[in-house]
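Peer 1: Below is the structure I would like to discuss, written out as structure tokens.
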Amino acid sequence: MSYKFKQKILLMFFGILVMSIFSFSPTFATTFRDVQNHWAKSYIDIASTYNAVSGYTDGSFKPNDNIQRIEFIAIIINSQGTNVRALSKDEYWGQPFIDAAVKSGIISSDEYGAMDESTFAENITREEMASIVVNAYISSEGIIDPVSTEEATSKLSDLETVSPRYYSSAIDAVALDFITGYSNGTFSPKHYATRAQATVLSFKLLVKLGVLSDADLPENIVLSKLKLNQGDLLKITLYHTNNTSVLTLTQDLYPSFKWYETGTEGVLEGYIPTNYSTAPGVYDLTLINNKTGKSSSQSLEIVQRDFRVQNLTIDPNIESSTKTDDAYAQYRKYFNPSRDISSPTKYYTESFLLPTSGKLTTEFGESRIVNNALTTYRHAGIDIAAPRNSDVIATNAGKVMLAIPLIITGNSIVIDHGEGLFSVYFHLDQLFVNEGDIVTRGQLIGAVGSTGFSTGPHLHFTMSYYRFDIEPGYILYGESITKQNYMNLMK
Ligand SMILES: [Zn+2]
């Protein structure tokens with residue numbers, strides 16, 4: 001326990017002496033420098049406004065650090081507004097909280113063995129946390145519905161690993177929705193909890209005690225990255241809202257921005273695509289709630305990427321026969337609209353696969369000098385050279401939106417993966433799917449060929465957010481696919 005934190009706890013303690021935590025209204029003024037862009041920001045802001053949690057004197061909160069037993073006990077004691085005696089000279093700062101916790105029955109005196117500083121400075125486990133919060137709830141005359149307890153029992157798959165003394169409180173904590181099991185159905189009783197998770201618990205306790213409601217949580221906008229390379233897809237997650245009609249996201253990057261429901265109540269997500277046409281620099285994204293008048297902002301930096309320049313020699317006969325006005329008209333007529341309609345929910349749950357293996361011949365975003373003439377063309381995908389008739393698989397689950405021969409791009413496939421994300425496959429020798437087919441991740445959809453405007457058997461593969469092409473590498477590997485890293489990424 002740092003001395004700084006000890007001081008902070010003391011300050012907080014004296015604050016509680018002079019005013020009851022239930023009597024003043026939140027100002028939402030509290031901000032910690034390291035919770036910006038954190039999923040738990042709204043919980044931390046509001047819980048700290050109610051003095052249920054506090055940060056460190058250096059202005060940080062350390063949301064991802066594990067939380068000590070005494071820190072969690074202090075949070076719950078403060079959330080309840082329990083009286084804590086003054087600290088004696090040279091006494092461990094946590095001792096008054098330990099005494100208050102034993103007195104109010106949220107911990108028992110034989111629970112942790114030695115009742116000293118080293119015991120309470122240990123990280124708290126999920127089962128210990130469950131016991132404390134359930135005891136706090138019951139001591140505040142909270143009631144547990146037996147039906148929900150029964151349901152909770154069947155929700156947990158690893159109950160036998162809970163320590164016998166915590167068995168019933170683990171079930172109660174799930175029944176009361178204080179602790180939601182992991183997505184794999186486990187309670188994981190011996191896992192440690194983070195300060196962010198503990199804060200959510202203290203907030204839920206304040207809700208159960210009738211002090212706060214979920215509606216008090218301000219919207220929280222979280223960006224997948226604060227620095228984005230040209231070609232990457234930004235994901236924006238919005239917590240604590242169901243009503244997008246009162247929200248406006250102002251930003252200069254992508255005019256057609258929209259929100260999608262995630263299936264989790266109160267959580268929405270949306271995307272902003274970037275590529276070589278996105279100017280590097282710092283952009284502000286501001287979320288305005290037109291009903292409450294509140295707004296929150298995030299800065300995003302678009303980082304310049306050096307794109308390659310490719311020299312290409314093409315047989316003038318092939319070029320003149322493929323790049324005609326009719327060919328472009330056909331491309332616009334069939335290809336463009338195939339990426340206009342996307343499922344509002346995702347077809348996929350797993351990671352994305354590279355559709356064929358071979359040699360990377362053209363990177364994303366390369367500009368081209370064709371037959372000694374510089375073109376305005378930018379390569380909107382990656383080219384992978386592979387023997388004719390090599391397998392081409394679907395990068396992920398989705399719906400086939402286009403599967404036809406086109407003059408410029410040859411046999412072409414477009415797959416919608418949902419929420420505006422598409423994958424594109426050109427120059428195929430054969431097509432094994434039809435428009436409207438639902439394909440699975442890794443399903444064989446075509447064979448490598450050299451149809452259309454092509455100099456040899458290869459797959460042109462790209463991904464896009466609607467019609468806006470993005471670098472597939474960021475979706476597949478979290479980084480761009482280049483000639484330098486291609487072999488490593490293949491491993
Ligand atoms: Zn290509």
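In the structure tokens, chains take the letters A, B, ... in the order shown, each chain's residues start at 1, and ligands count up from 1 in the order shown.
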Can you tell me which residues surround Lys204 (chain A) at a distance of at most 12 Å, considering only C-alpha atoms, apart from same-chain residues fewer than 4 positions away, and format the answer as a PyMOL selection string?
Peer 2: chain A and resi 43-44+46-47+52+76+79-80+133-134+136-137+173+176-180+197-200+208-214+216-217
Peer 1: Give me the residues near His191 (chain A) as an MDAnalysis selection string, where near means some atom within 12 Å (using only C-alpha atoms) and where sequence neighbours in that chain fewer than 6 positions away do not count.
Peer 2: chainID A and resid 66:67 123:130 161:162 181:182 197
Peer 1: Let's have the selection written as a compact mmCIF listing (two decimals), in the first residue's frame, with C-alpha atoms.
Peer 2:
```txt
# COMPACT_ATOMS: atom_id res chain seq x y z
CA ASN A 66 -5.51 -6.04 -9.32
CA ILE A 67 -7.27 -4.76 -6.25
CA ASN A 123 -5.10 -9.33 -3.90
CA ILE A 124 -8.73 -10.17 -3.39
CA THR A 125 -10.23 -13.18 -5.16
CA ARG A 126 -13.60 -13.23 -6.87
CA GLU A 127 -15.12 -15.51 -4.23
CA GLU A 128 -13.94 -13.24 -1.39
CA MET A 129 -15.33 -10.24 -3.24
CA ALA A 130 -18.65 -12.01 -3.81
CA THR A 161 -14.10 -25.12 -7.11
CA VAL A 162 -15.60 -22.45 -4.82
CA GLY A 181 -19.91 -15.36 -14.82
CA TYR A 182 -17.37 -15.40 -17.61
CA GLN A 197 -14.26 -4.66 -11.93
```
Peer 1: Given only C-alpha atoms as the basis, pick out the residue of A:Ser464, A:Ser480, A:Asn371, A:Ser48 nearest to His417 (chain A).
Peer 2: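 Of A:Ser464, A:Ser480, A:Asn371, A:Ser48, the one nearest His417 (chain A), counting only C-alpha atoms, is A:Ser464.
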Peer 1: Let me see if you get this right: every residue at most 9 Å from ligand 1, counting only C-alpha atoms and all ligand atoms, written as a list in words.
Peer 2: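 Listed by chain and ascending number, the contacts are Thr361, Thr362, Glu363, Phe364, His379, Ala380, Gly381, Ile382, Asp383, Ile384, Thr409, Phe426, His427, Ser454, His458, Leu459, His460, Phe461 and Thr462 of chain A.
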Peer 1: Could you pull out the alpha helix (DSSP H) residues of region 105-335 of chain A, going by DSSP on the backbone, and write them as a PyMOL selection string?
Peer 2: chain A and resi 117-120+126-139+146-155+167-175+195-208+316-322+325-334
Peer 1: Write out as a ChimeraX atom specification the residues lying within 6 Å of region 344-353 of chain A, counting only C-alpha atoms and excluding same-chain residues fewer than 6 positions away.
Peer 2: /A:395-398,417-419,476
Peer 1: Please write the residues from the selection above to a file, keeping C-alpha atoms, as a JSON list (two decimals), in the first residue's frame.
Peer 2:
```
[["chain", "number", "residue", "atom", "x", "y", "z"],
["A", 395, "THR", "CA", -12.04, -15.34, -45.04],
["A", 396, "ASN", "CA", -14.94, -15.69, -42.60],
["A", 397, "ALA", "CA", -18.62, -16.55, -42.39],
["A", 398, "GLY", "CA", -20.98, -14.39, -44.41],
["A", 417, "HIS", "CA", -19.81, -10.38, -43.08],
["A", 418, "GLY", "CA", -22.30, -8.07, -41.38],
["A", 419, "GLU", "CA", -22.10, -4.64, -39.73],
["A", 476, "LEU", "CA", -6.64, -10.52, -40.27]]
```
Peer 1: What's around Asn389 (chain A) at 10 Å? Count only C-alpha atoms, leave out sequence neighbours fewer than 5 positions away in its own chain, and write the answer as a PyMOL selection string.
Peer 2: chain A and resi 428-430+446-450+457-458
Peer 1: If you count only C-alpha atoms, which residues fall within 12 Å of Ser183 (chain A), apart from same-chain ones fewer than 6 positions away, as number ranges by chain?
Peer 2: A: 155-157
Peer 1: Write the residues of the preceding selection, restricted to C-alpha atoms, as a CSV table (one decimal), in the first residue's frame.
Peer 2:
```csv
chain,number,residue,atom,x,y,z
A,155,LYS,CA,-25.6,-20.9,-14.6
A,156,LEU,CA,-22.3,-21.8,-13.0
A,157,SER,CA,-20.2,-24.7,-14.3
```
Peer 1: To test your reading of the structure, identify every residue in region 287-435 of chain A that backbone DSSP assigns to strand (DSSP E or B), and report it as a VMD selection string.
Peer 2: chain A and resid 287 to 289 295 to 303 309 to 312 359 to 362 367 to 370 373 to 378 382 to 385 391 to 393 398 to 406 410 to 418 421 to 431
